[in-house]
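Reading through the structure tokens given below for one structure.
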Amino acid sequence: MWNKILIANDGSEDAMEAVRTGLRLAKQLGSEIHIISIEEELPLYAATVGEVEEAERESNGYFQKLNKEISEFAESLGVKPIMHIIRGHAVEKVVKFATDEKFDLLIIGFMGHSKIFGRVMGSTAQNLIRLSPCTTLVVKVPLK
Amino acid sequence: MIKVLDPNLIALIILTAIFIASVISIRFAISVAIIEIAMGAIVGNIFQIQPPDWMIFLANFGSILLTFLAGAEVDPKVMKEKFKESMLIGVFSFAAPFVATLLYCHYVAKWDLKAAEIAGCALSTTSLAVVYAVLVETGLTKTKLGKIIMASCFITDIETVAALSILFSDYNWKSFIFIAVSVVLILIAPKLFPKIFKKYEERAIEPDVKFIIVILFIFIYIANIGAGHAVLPVFVLGLVLSNSFRQNIVLQRKLRTLAFVMFTPFFFMRGGMVISFKELGLAMGLLGILFGLKIVTKFIGVYPFARKYLKGSQVYTTLLMSTGLTFGTISSIYGFEHGFINKTQFSVLVTVVILTAVIPTFIAQKFFHPKDTLDFIE
């Protein structure tokens, strides 16, 4: 039913729960699994190349570290996710990627942190549900 | 209105504004330089604070450090690869707006010749940094399109600093000392300086960074005694050191940190503090004309060559080549500080420079983004 799953990850607590859920689901269903992270947009109208390069380096480092941790968890489950780091507008890029690559299921966290996703359009999760080209699963960290 | 302020309170207001500018920049992903200029304009117009001497000193060094970094951030490999195309685009990208702005300001707006030359320099620039951010964002840096645009920006930058140096130097016999010392330093730099950087790069007290500051001050000093301008030799020094600078990430980051904390905020804030909202309001017509003139003349200079070498992306290329920021601001501040332009002229020029950083970039990305970037991948 869901042969190709995409998880959108912004590094927030809910998104990491979505990653874990997605990886477990992919393991059970034997699905192809992809994880997409959207880097923050670079400073517009920069005065120095250095400002752009440093911003680029900062965001690259953030997701590379995160993806390393995810890979270790996936390996413990015996799943091999394909990671993508794309720069730009979170909703636009995730929807475009899910559409272009014909995913069957999109998994997202209930509430991102404002650092990457929330900043752009307010409720990223709401917009993703509204615009997603496929079935969308929203994952919440269980209330304690 | 605040009339007399304690110097420490002035410093506190300026530094707080600088801090707030960096927070806003991160929050909204807009260049810190533009926010600093805006903050400077607010501080200058609302609090009526004039830049204190210490700030002017730091700002002046900030402009030299920015020029050095701009030279050091040039990728000579890209420039060599795309020399012919970028030379043609770069030369006309500078020449067309320079000549048109100079003629318009002198003969129509009745600015005196030196003021018109400053306007020509300020509005002929292309901002490599603005363009670079767009190219990285859209994944075009490794494409033929990206390489030609970046190399053309380098050429335009070189022409701007050369024009600023040549036009505003008051030549006398001491100028030979300036030229001779500059040539010697530039010739020995690629071999000698990297050894010094290497030797001291691990030291916490940062002798490598201090060494660069000393060298830059040598240029400033000899330029002064030679009645010249240090921007050209400093830019060329950065250029000849660019290979070693690219390989030395540690030094690169240390210099950037130093620049972003200690010098460039004062440079951009200072620029903003000189802008007068009142005078700007009275010169809106001129502002619109100069903005239009820059865009139209960039089209005249760049479009034909972009159509020849980058068919399908000629409008996109021309719009990106129409952007300006750092050297436009440097030229305007230089002109104001040396009395070549007045406060109104300065306010108009810097505002046009900022508008050219924003509007052409927005239009290029929104309406003329190359549809299939794969066409340009080499």
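As shown in the structure tokens, the chain order sets the letters A, B, ...; within each chain, residues go from 1, and ligands are also counted from 1 in the order they appear.
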
Q | Within 8 Å of Ile86 (chain A) using only C-alpha atoms, minus same-chain residues under 2 positions, as a PyMOL selection string | A | chain A and resi 36-39+84+88+93

Selected residues written out with N, CA and C atoms, as a PDB file, in the first residue's frame:
```
ATOM      1  N   ILE A  36      13.685  13.850   4.148  1.00  0.00           N
ATOM      2  CA  ILE A  36      14.051  15.150   3.570  1.00  0.00           C
ATOM      3  C   ILE A  36      14.179  16.208   4.674  1.00  0.00           C
ATOM      4  N   SER A  37      15.272  16.963   4.620  1.00  0.00           N
ATOM      5  CA  SER A  37      15.450  18.082   5.558  1.00  0.00           C
ATOM      6  C   SER A  37      15.613  19.344   4.730  1.00  0.00           C
ATOM      7  N   ILE A  38      14.968  20.381   5.176  1.00  0.00           N
ATOM      8  CA  ILE A  38      15.062  21.648   4.433  1.00  0.00           C
ATOM      9  C   ILE A  38      15.930  22.616   5.218  1.00  0.00           C
ATOM     10  N   GLU A  39      17.007  23.026   4.575  1.00  0.00           N
ATOM     11  CA  GLU A  39      17.897  23.990   5.236  1.00  0.00           C
ATOM     12  C   GLU A  39      17.300  25.376   5.196  1.00  0.00           C
ATOM     13  N   HIS A  84      17.996  13.370   2.079  1.00  0.00           N
ATOM     14  CA  HIS A  84      18.071  14.509   1.162  1.00  0.00           C
ATOM     15  C   HIS A  84      18.123  15.792   1.987  1.00  0.00           C
ATOM     16  N   GLY A  88      15.723  25.919   0.941  1.00  0.00           N
ATOM     17  CA  GLY A  88      14.612  26.732   0.442  1.00  0.00           C
ATOM     18  C   GLY A  88      13.431  26.780   1.377  1.00  0.00           C
ATOM     19  N   LYS A  93       9.190  23.070  -0.898  1.00  0.00           N
ATOM     20  CA  LYS A  93      10.176  22.058  -1.289  1.00  0.00           C
ATOM     21  C   LYS A  93       9.699  20.645  -0.966  1.00  0.00           C
TER      22      LYS A  93
END
```

Exercise. Counting only C-alpha atoms, collect the residues of chain B whose closest atom lies at most 7 Å from chain A, and write them out as a VMD selection string.
Key: chain B and resid 29 to 31 33 70 73 129 to 130 132 to 133 137 256 325 to 326 357 to 358

*So which residues touch region 99-111 of chain B within 8 Å, counting only C-alpha atoms, skipping near sequence neighbours fewer than 5 positions away, as an MDAnalysis selection string?*
chainID B and resid 116:117 119:120 123 290 293:294 297

Non-local contacts of His369 (chain B) (12 Å; only C-alpha atoms; under 2 positions in same chain excluded) as a PyMOL selection string:
chain B and resi 134-135+137-140+145+312-320+360-367+371-373

Deliver the residues from the most recent selection as a file, using C-alpha atoms, as a CSV table (one decimal), in the first residue's frame.
```
chain,number,residue,atom,x,y,z
B,134,VAL,CA,21.3,33.6,-5.1
B,135,LEU,CA,23.5,31.1,-7.0
B,137,GLU,CA,20.3,29.1,-3.1
B,138,THR,CA,19.4,27.9,-6.6
B,139,GLY,CA,22.2,25.4,-7.0
B,140,LEU,CA,23.8,27.3,-9.9
B,145,LEU,CA,25.8,30.2,-16.0
B,312,GLY,CA,17.9,31.6,-22.5
B,313,SER,CA,19.2,33.2,-19.3
B,314,GLN,CA,20.1,36.6,-20.6
B,315,VAL,CA,17.5,38.6,-18.6
B,316,TYR,CA,18.3,36.6,-15.5
B,317,THR,CA,22.0,37.3,-15.9
B,318,THR,CA,21.5,41.0,-16.6
B,319,LEU,CA,19.3,41.4,-13.5
B,320,LEU,CA,21.8,39.7,-11.3
B,360,PRO,CA,16.7,43.1,-9.4
B,361,THR,CA,17.3,40.0,-7.2
B,362,PHE,CA,13.6,39.6,-6.4
B,363,ILE,CA,12.5,40.0,-10.1
B,364,ALA,CA,15.2,37.7,-11.3
B,365,GLN,CA,14.3,34.9,-8.9
B,366,LYS,CA,10.6,35.4,-9.2
B,367,PHE,CA,10.1,35.8,-13.0
B,371,LYS,CA,13.8,26.8,-16.1
B,372,ASP,CA,16.1,24.0,-16.6
B,373,THR,CA,19.4,24.6,-14.8
```

All residues 10 Å or closer to Ala8 (chain A), only C-alpha atoms, same chain fewer than 5 positions away omitted, as a list in words =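 Returned residues: Ala15, Met16, Ala18, Val19, Gly22, His34, Ile35, Ile36, Ser37, Ile38, His84, Ala90, Val91, Val94, Val95, Ala98, Leu106, Ile107, Ile108, Gly109, Ala125 and Leu128 of chain A.
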
Just write the chosen residues, N, CA and C atoms, as an mmCIF file, in the first residue's frame.
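See part21.cif below for the written result:
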```
data_model
loop_
_atom_site.group_PDB
_atom_site.id
_atom_site.type_symbol
_atom_site.label_atom_id
_atom_site.label_comp_id
_atom_site.auth_asym_id
_atom_site.auth_seq_id
_atom_site.Cartn_x
_atom_site.Cartn_y
_atom_site.Cartn_z
ATOM 1 N N ALA A 15 9.305 16.003 14.979
ATOM 2 C CA ALA A 15 9.817 15.506 13.699
ATOM 3 C C ALA A 15 10.689 14.273 13.917
ATOM 4 N N MET A 16 11.464 14.252 14.999
ATOM 5 C CA MET A 16 12.301 13.084 15.283
ATOM 6 C C MET A 16 11.433 11.876 15.636
ATOM 7 N N ALA A 18 8.522 11.475 14.318
ATOM 8 C CA ALA A 18 8.027 11.085 12.991
ATOM 9 C C ALA A 18 9.065 10.232 12.271
ATOM 10 N N VAL A 19 10.334 10.591 12.435
ATOM 11 C CA VAL A 19 11.412 9.815 11.793
ATOM 12 C C VAL A 19 11.421 8.390 12.344
ATOM 13 N N GLY A 22 8.335 6.535 11.143
ATOM 14 C CA GLY A 22 8.457 6.238 9.718
ATOM 15 C C GLY A 22 9.416 5.096 9.446
ATOM 16 N N HIS A 34 12.602 7.576 2.447
ATOM 17 C CA HIS A 34 13.431 8.769 2.206
ATOM 18 C C HIS A 34 13.185 9.768 3.336
ATOM 19 N N ILE A 35 14.233 10.484 3.712
ATOM 20 C CA ILE A 35 14.076 11.551 4.716
ATOM 21 C C ILE A 35 14.545 12.866 4.100
ATOM 22 N N ILE A 36 13.685 13.850 4.148
ATOM 23 C CA ILE A 36 14.051 15.150 3.570
ATOM 24 C C ILE A 36 14.179 16.208 4.674
ATOM 25 N N SER A 37 15.272 16.963 4.620
ATOM 26 C CA SER A 37 15.450 18.082 5.558
ATOM 27 C C SER A 37 15.613 19.344 4.730
ATOM 28 N N ILE A 38 14.968 20.381 5.176
ATOM 29 C CA ILE A 38 15.062 21.648 4.433
ATOM 30 C C ILE A 38 15.930 22.616 5.218
ATOM 31 N N HIS A 84 17.996 13.370 2.079
ATOM 32 C CA HIS A 84 18.071 14.509 1.162
ATOM 33 C C HIS A 84 18.123 15.792 1.987
ATOM 34 N N ALA A 90 10.283 25.540 3.182
ATOM 35 C CA ALA A 90 9.996 24.185 3.656
ATOM 36 C C ALA A 90 8.792 23.542 2.974
ATOM 37 N N VAL A 91 7.633 24.207 3.025
ATOM 38 C CA VAL A 91 6.409 23.603 2.481
ATOM 39 C C VAL A 91 6.552 23.379 0.978
ATOM 40 N N VAL A 94 9.084 20.476 0.211
ATOM 41 C CA VAL A 94 8.622 19.122 0.592
ATOM 42 C C VAL A 94 7.505 18.687 -0.357
ATOM 43 N N VAL A 95 6.560 19.575 -0.638
ATOM 44 C CA VAL A 95 5.438 19.229 -1.520
ATOM 45 C C VAL A 95 5.964 18.913 -2.925
ATOM 46 N N ALA A 98 7.773 15.534 -2.868
ATOM 47 C CA ALA A 98 6.824 14.415 -2.737
ATOM 48 C C ALA A 98 6.068 14.201 -4.047
ATOM 49 N N LEU A 106 3.450 10.611 3.157
ATOM 50 C CA LEU A 106 4.320 11.638 3.732
ATOM 51 C C LEU A 106 4.136 11.616 5.244
ATOM 52 N N ILE A 107 5.222 11.536 5.990
ATOM 53 C CA ILE A 107 5.127 11.542 7.459
ATOM 54 C C ILE A 107 5.776 12.820 7.989
ATOM 55 N N ILE A 108 5.025 13.525 8.837
ATOM 56 C CA ILE A 108 5.554 14.777 9.403
ATOM 57 C C ILE A 108 5.308 14.829 10.907
ATOM 58 N N GLY A 109 6.062 15.677 11.582
ATOM 59 C CA GLY A 109 5.829 15.892 13.007
ATOM 60 C C GLY A 109 4.670 16.857 13.188
ATOM 61 N N ALA A 125 2.969 22.234 9.446
ATOM 62 C CA ALA A 125 2.251 20.956 9.389
ATOM 63 C C ALA A 125 0.893 21.130 8.696
ATOM 64 N N LEU A 128 1.355 21.549 5.025
ATOM 65 C CA LEU A 128 1.781 20.308 4.371
ATOM 66 C C LEU A 128 0.586 19.369 4.196
#
```
